[in-house]
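Undergrad: mmCIF, C-alpha atoms, saved as upload-v5.cif, coming up:
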```cif
data_entry
#
loop_
_atom_site.group_PDB
_atom_site.id
_atom_site.type_symbol
_atom_site.label_atom_id
_atom_site.label_comp_id
_atom_site.auth_asym_id
_atom_site.auth_seq_id
_atom_site.Cartn_x
_atom_site.Cartn_y
_atom_site.Cartn_z
ATOM 1 C CA MET A 28 3.280 13.437 -22.950
ATOM 2 C CA LYS A 29 0.535 12.770 -25.485
ATOM 3 C CA ASN A 30 -1.388 10.609 -22.994
ATOM 4 C CA SER A 31 -1.178 13.254 -20.295
ATOM 5 C CA MET A 32 -2.700 16.048 -22.421
ATOM 6 C CA PRO A 33 -6.314 15.522 -21.215
ATOM 7 C CA LEU A 34 -5.097 15.460 -17.620
ATOM 8 C CA ILE A 35 -3.185 18.706 -18.166
ATOM 9 C CA CYS A 36 -6.326 20.246 -19.666
ATOM 10 C CA CYS A 37 -8.264 19.177 -16.583
ATOM 11 C CA PHE A 38 -5.641 20.779 -14.352
ATOM 12 C CA VAL A 39 -5.913 24.005 -16.369
ATOM 13 C CA ALA A 40 -9.690 23.824 -15.913
ATOM 14 C CA VAL A 41 -9.111 24.061 -12.163
ATOM 15 C CA PHE A 42 -7.616 27.491 -12.593
ATOM 16 C CA THR A 43 -10.181 28.673 -15.115
ATOM 17 C CA SER A 44 -13.211 27.519 -13.154
ATOM 18 C CA ILE A 45 -13.975 31.092 -12.081
ATOM 19 C CA SER A 46 -15.264 31.805 -15.571
ATOM 20 C CA ALA A 47 -17.346 28.640 -15.565
ATOM 21 C CA GLN A 48 -21.101 28.720 -15.812
ATOM 22 C CA THR A 49 -22.631 28.936 -12.357
ATOM 23 C CA ILE A 50 -24.831 25.993 -11.471
ATOM 24 C CA GLN A 51 -27.737 26.274 -9.075
ATOM 25 C CA LEU A 52 -27.349 23.886 -6.160
ATOM 26 C CA LYS A 53 -29.875 22.808 -3.543
ATOM 27 C CA ASN A 54 -29.331 20.944 -0.312
ATOM 28 C CA TYR A 55 -30.591 17.336 -0.227
ATOM 29 C CA SER A 56 -30.688 15.048 2.807
ATOM 30 C CA ILE A 57 -28.912 11.731 2.589
ATOM 31 C CA ASN A 58 -31.806 9.531 3.675
ATOM 32 C CA ASN A 59 -32.300 9.882 7.458
ATOM 33 C CA THR A 60 -28.606 10.039 8.352
ATOM 34 C CA GLY A 61 -28.476 13.679 9.442
ATOM 35 C CA TYR A 62 -25.962 14.364 6.642
ATOM 36 C CA SER A 63 -26.721 16.309 3.473
ATOM 37 C CA ALA A 64 -25.095 17.586 0.295
ATOM 38 C CA LEU A 65 -25.625 20.153 -2.412
ATOM 39 C CA PHE A 66 -26.689 18.816 -5.828
ATOM 40 C CA PRO A 67 -27.745 20.522 -9.097
ATOM 41 C CA ALA A 68 -30.878 18.322 -9.248
ATOM 42 C CA ASP A 69 -32.716 15.949 -6.944
ATOM 43 C CA PRO A 70 -30.590 12.786 -6.625
ATOM 44 C CA GLY A 71 -33.477 10.923 -4.998
ATOM 45 C CA LYS A 72 -33.068 8.500 -2.145
ATOM 46 C CA ALA A 73 -29.524 7.238 -1.577
ATOM 47 C CA ASP A 74 -28.728 3.585 -2.271
ATOM 48 C CA PHE A 75 -27.887 1.906 1.024
ATOM 49 C CA SER A 76 -25.603 -1.052 1.690
ATOM 50 C CA MET A 77 -23.361 -2.473 4.368
ATOM 51 C CA ASN A 78 -19.742 -2.599 3.228
ATOM 52 C CA ASN A 79 -17.198 -5.356 3.962
ATOM 53 C CA SER A 80 -16.344 -3.717 7.289
ATOM 54 C CA GLU A 81 -20.026 -3.750 8.328
ATOM 55 C CA LEU A 82 -20.283 0.026 8.018
ATOM 56 C CA GLU A 83 -23.304 1.788 6.529
ATOM 57 C CA GLU A 84 -22.645 3.115 3.031
ATOM 58 C CA TYR A 85 -24.852 5.488 1.032
ATOM 59 C CA MET A 86 -24.480 6.334 -2.656
ATOM 60 C CA MET A 87 -26.197 9.103 -4.629
ATOM 61 C CA GLU A 88 -25.747 10.286 -8.194
ATOM 62 C CA VAL A 89 -27.515 12.637 -10.581
ATOM 63 C CA SER A 90 -26.818 13.822 -14.137
ATOM 64 C CA SER A 91 -27.096 17.484 -15.030
ATOM 65 C CA ASN A 92 -25.844 19.418 -18.077
ATOM 66 C CA GLY A 93 -23.875 16.428 -19.382
ATOM 67 C CA LYS A 94 -22.059 15.803 -16.095
ATOM 68 C CA ARG A 95 -22.507 13.182 -13.394
ATOM 69 C CA TYR A 96 -22.514 14.463 -9.811
ATOM 70 C CA GLY A 97 -22.101 11.807 -7.158
ATOM 71 C CA LEU A 98 -21.504 11.183 -3.500
ATOM 72 C CA GLN A 99 -20.479 8.186 -1.451
ATOM 73 C CA LEU A 100 -20.939 8.390 2.309
ATOM 74 C CA VAL A 101 -19.645 5.886 4.871
ATOM 75 C CA LEU A 102 -20.829 6.175 8.468
ATOM 76 C CA LEU A 103 -17.908 5.169 10.680
ATOM 77 C CA GLY A 104 -19.947 4.361 13.767
ATOM 78 C CA LYS A 105 -17.811 4.356 16.896
ATOM 79 C CA ASN A 106 -14.825 2.718 15.174
ATOM 80 C CA PHE A 107 -12.755 5.903 14.777
ATOM 81 C CA LEU A 108 -13.812 8.094 17.717
ATOM 82 C CA ASN A 109 -10.291 7.943 19.196
ATOM 83 C CA SER A 110 -8.446 8.301 15.878
ATOM 84 C CA ASP A 111 -6.071 11.132 15.102
ATOM 85 C CA LYS A 112 -6.176 13.206 11.907
ATOM 86 C CA GLU A 113 -3.398 11.181 10.264
ATOM 87 C CA THR A 114 -5.295 7.914 10.744
ATOM 88 C CA LEU A 115 -8.488 9.460 9.384
ATOM 89 C CA GLU A 116 -6.644 10.877 6.383
ATOM 90 C CA SER A 117 -5.129 7.436 5.682
ATOM 91 C CA LEU A 118 -8.621 5.956 5.811
ATOM 92 C CA LEU A 119 -9.841 8.546 3.299
ATOM 93 C CA VAL A 120 -6.884 7.887 0.971
ATOM 94 C CA SER A 121 -7.583 4.136 1.104
ATOM 95 C CA TYR A 122 -11.231 4.704 0.239
ATOM 96 C CA MET A 123 -10.333 7.005 -2.658
ATOM 97 C CA GLN A 124 -7.909 4.349 -3.939
ATOM 98 C CA LEU A 125 -10.772 1.836 -3.964
ATOM 99 C CA LEU A 126 -12.924 4.277 -5.917
ATOM 100 C CA LYS A 127 -10.127 4.690 -8.474
ATOM 101 C CA LEU A 128 -10.204 0.941 -9.064
ATOM 102 C CA SER A 129 -13.978 0.737 -9.325
ATOM 103 C CA TYR A 130 -14.144 3.650 -11.804
ATOM 104 C CA ASP A 131 -11.243 2.355 -13.966
ATOM 105 C CA VAL A 132 -9.094 5.410 -13.235
ATOM 106 C CA THR A 133 -5.746 5.278 -15.036
ATOM 107 C CA SER A 134 -4.118 8.514 -13.846
ATOM 108 C CA GLY A 135 -4.461 11.394 -11.431
ATOM 109 C CA ILE A 136 -2.587 14.553 -10.551
ATOM 110 C CA GLY A 137 -1.996 13.398 -6.966
ATOM 111 C CA TYR A 138 -3.713 14.095 -3.697
ATOM 112 C CA ILE A 139 -3.972 17.734 -2.690
ATOM 113 C CA ARG A 140 -4.196 17.423 1.078
ATOM 114 C CA GLU A 141 -5.186 19.774 3.890
ATOM 115 C CA GLN A 142 -8.423 20.947 2.310
ATOM 116 C CA LYS A 143 -10.486 22.931 4.824
ATOM 117 C CA HIS A 144 -14.172 22.152 5.195
ATOM 118 C CA PRO A 145 -16.393 25.264 5.220
ATOM 119 C CA SER A 146 -18.218 24.330 8.446
ATOM 120 C CA ASN A 147 -16.356 21.463 10.147
ATOM 121 C CA SER A 148 -12.893 22.368 11.421
ATOM 122 C CA ASP A 149 -12.345 18.759 12.552
ATOM 123 C CA ALA A 150 -12.709 17.401 9.009
ATOM 124 C CA ASN A 151 -9.765 16.465 6.795
ATOM 125 C CA GLY A 152 -10.167 17.013 3.075
ATOM 126 C CA ILE A 153 -8.374 15.724 -0.016
ATOM 127 C CA LEU A 154 -8.831 16.966 -3.592
ATOM 128 C CA ASP A 155 -7.751 15.104 -6.731
ATOM 129 C CA PHE A 156 -8.359 15.052 -10.478
ATOM 130 C CA TRP A 157 -8.506 11.755 -12.350
ATOM 131 C CA GLU A 158 -8.727 10.391 -15.849
ATOM 132 C CA ASP A 159 -10.350 7.025 -16.561
ATOM 133 C CA GLU A 160 -9.529 4.491 -19.266
ATOM 134 C CA ARG A 161 -12.119 6.040 -21.641
ATOM 135 C CA GLY A 162 -10.660 9.549 -21.274
ATOM 136 C CA GLY A 163 -13.373 10.674 -18.860
ATOM 137 C CA GLN A 164 -12.377 13.389 -16.411
ATOM 138 C CA TRP A 165 -13.090 13.338 -12.674
ATOM 139 C CA ALA A 166 -12.912 16.102 -10.080
ATOM 140 C CA VAL A 167 -12.980 14.370 -6.684
ATOM 141 C CA LYS A 168 -12.990 15.673 -3.139
ATOM 142 C CA GLY A 169 -13.135 13.573 -0.006
ATOM 143 C CA TRP A 170 -13.980 14.584 3.545
ATOM 144 C CA VAL A 171 -13.531 12.660 6.784
ATOM 145 C CA ASP A 172 -13.999 13.246 10.496
ATOM 146 C CA ARG A 173 -14.337 10.742 13.347
ATOM 147 C CA ASN A 174 -17.957 9.942 12.444
ATOM 148 C CA ALA A 175 -18.177 9.868 8.656
ATOM 149 C CA LEU A 176 -16.289 9.714 5.404
ATOM 150 C CA ALA A 177 -17.711 11.250 2.218
ATOM 151 C CA VAL A 178 -16.375 11.466 -1.320
ATOM 152 C CA LEU A 179 -17.999 13.785 -3.848
ATOM 153 C CA TYR A 180 -17.204 13.627 -7.547
ATOM 154 C CA VAL A 181 -18.032 15.219 -10.874
ATOM 155 C CA HIS A 182 -17.484 13.183 -14.032
ATOM 156 C CA THR A 183 -17.383 14.454 -17.615
ATOM 157 C CA ARG A 184 -16.560 12.692 -20.873
ATOM 158 C CA SER A 185 -13.711 15.027 -21.841
ATOM 159 C CA ALA A 186 -11.365 17.622 -20.399
ATOM 160 C CA ALA A 187 -13.011 20.339 -22.487
ATOM 161 C CA ASP A 188 -16.277 19.761 -20.601
ATOM 162 C CA MET A 189 -14.740 19.964 -17.131
ATOM 163 C CA ARG A 190 -15.422 23.132 -15.215
ATOM 164 C CA VAL A 191 -14.758 22.334 -11.596
ATOM 165 C CA PRO A 192 -17.834 23.090 -9.437
ATOM 166 C CA TYR A 193 -16.136 23.704 -6.109
ATOM 167 C CA GLU A 194 -19.487 24.660 -4.575
ATOM 168 C CA PHE A 195 -20.596 21.071 -5.153
ATOM 169 C CA LEU A 196 -17.335 19.487 -3.957
ATOM 170 C CA ASP A 197 -17.448 21.620 -0.793
ATOM 171 C CA GLY A 198 -21.206 21.163 -0.375
ATOM 172 C CA PHE A 199 -21.188 18.155 1.945
ATOM 173 C CA SER A 200 -22.712 18.940 5.351
ATOM 174 C CA PHE A 201 -21.665 16.916 8.355
ATOM 175 C CA LYS A 202 -24.268 15.878 10.894
ATOM 176 C CA LYS A 203 -24.727 18.211 13.835
ATOM 177 C CA PHE A 204 -24.437 16.111 16.963
ATOM 178 C CA THR A 205 -26.379 16.908 20.109
ATOM 179 C CA LYS A 206 -25.040 16.381 23.621
ATOM 180 C CA LYS A 207 -26.869 13.040 23.902
ATOM 181 C CA ASP A 208 -25.074 11.817 20.726
ATOM 182 C CA LEU A 209 -21.622 12.566 22.125
ATOM 183 C CA PRO A 210 -19.794 10.134 24.438
ATOM 184 C CA ARG A 211 -19.846 11.047 28.093
ATOM 185 C CA LYS A 212 -16.748 12.643 29.558
ATOM 186 C CA GLY A 213 -14.177 10.079 30.571
ATOM 187 C CA THR A 214 -15.456 7.334 28.254
ATOM 188 C CA LEU A 215 -12.827 7.928 25.550
ATOM 189 C CA LYS A 216 -9.259 6.794 26.066
#
```
Once you've parsed the file, please lay out its structure as structure tokens.

TA:
Amino acid sequence: MKNSMPLICCFVAVFTSISAQTIQLKNYSINNTGYSALFPADPGKADFSMNNSELEEYMMEVSSNGKRYGLQLVLLGKNFLNSDKETLESLLVSYMQLLKLSYDVTSGIGYIREQKHPSNSDANGILDFWEDERGGQWAVKGWVDRNALAVLYVHTRSAADMRVPYEFLDGFSFKKFTKKDLPRKGTLK
């Protein structure tokens, strides 16, 4: 029980976030991808790489008021155009599991599924709260549709510092596709 106290405090912070200090967010483009996200300060140009599956990956992070705000975006290409919501959600869970490993996360409250994106009804969302091996607290929300997967996170050093900025976690904007970007009728199986 003693080890779970910071995690419990983080969970309580979820319900007290209404009284939290309001942060000013601005929309920033993620390079030239057509995707964007809200940040409290300019995160600069996203770091670009190709992941092990040969998919484009973009990473952005900025510090503001003692917190780290970050985003990881994976462009899925045409690999998941025919995938159902369950497959996409499994993909998002797998990616979040990898992030847990890379950030030395030791515990979490568990995935809160069926999050609704403010402007993309096709997107699946998952919310979670983590604690790392140094006692740092993480509020994490992932989004996925057939074209992209994005995970946004806020990291603080202690549970007392965590006020969950839902505006940031919900501030990922999916690319608006034009008719020429969409597959022609009859080309999907």

Undergrad: Give me, please, the distance in Å between atom CA of Gln99 of chain A and atom CA of Ala73 of chain A, quoted to one decimal.

TA: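 So the two atoms, atom CA of Gln99 of chain A and atom CA of Ala73 of chain A, lie 9.1 Å apart.
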
Undergrad: Exactly which residues make up the result of the PyMOL selection byres ((chain A and resi 75-83) around 6) on this file, given as a list in words?

TA: Asp74, Glu84, Tyr85, Val101 and Leu102 of chain A

Undergrad: Which of these residues is nearest to Gln51 of chain A, using all atoms listed in the file: A:Thr114, A:Pro192, A:Leu128, A:Phe156?

TA: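 For Gln51 of chain A, the nearest of the given residues is A:Pro192.
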
Undergrad: Rounded to one decimal, what separation in Å do you get between atom CA of Ala166 of chain A and atom CA of Asp111 of chain A?

TA: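 Interatomic distance, atom CA of Ala166 of chain A to atom CA of Asp111 of chain A: 26.6 Å.
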
Undergrad: So what does the PyMOL selection byres ((chain A and resi 52-60) around 9) actually pick up in this one, as a PyMOL selection string?

TA: chain A and resi 50-51+61-75+85-87+100+102+194-195+198-200+202

Undergrad: Show which residues sit within 6 Å of Trp170 of chain A, as a VMD selection string. Count only C-alpha atoms, and ignore same-chain residues fewer than 3 positions away.

TA: chain A and resid 151 to 152 176 to 177

Undergrad: I need the residue nearest Val171 of chain A from this list: A:Thr133, A:Ser148, A:Gln124, A:Ser91. Use all atoms listed in the file for the distance.

TA: A:Ser148

Undergrad: Please expand the PyMOL selection byres ((chain A and resi 160) around 8) into the concrete residues it hits in this file, giving the result as an MDAnalysis selection string.

TA: chainID A and resid 131:133 158:159 161:163

Undergrad: For atom CA of Val191 of chain A and atom CA of Leu154 of chain A, determine how far apart the two atoms are, in Å to one decimal place.

TA: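 Between atom CA of Val191 of chain A and atom CA of Leu154 of chain A the gap works out to 11.3 Å.
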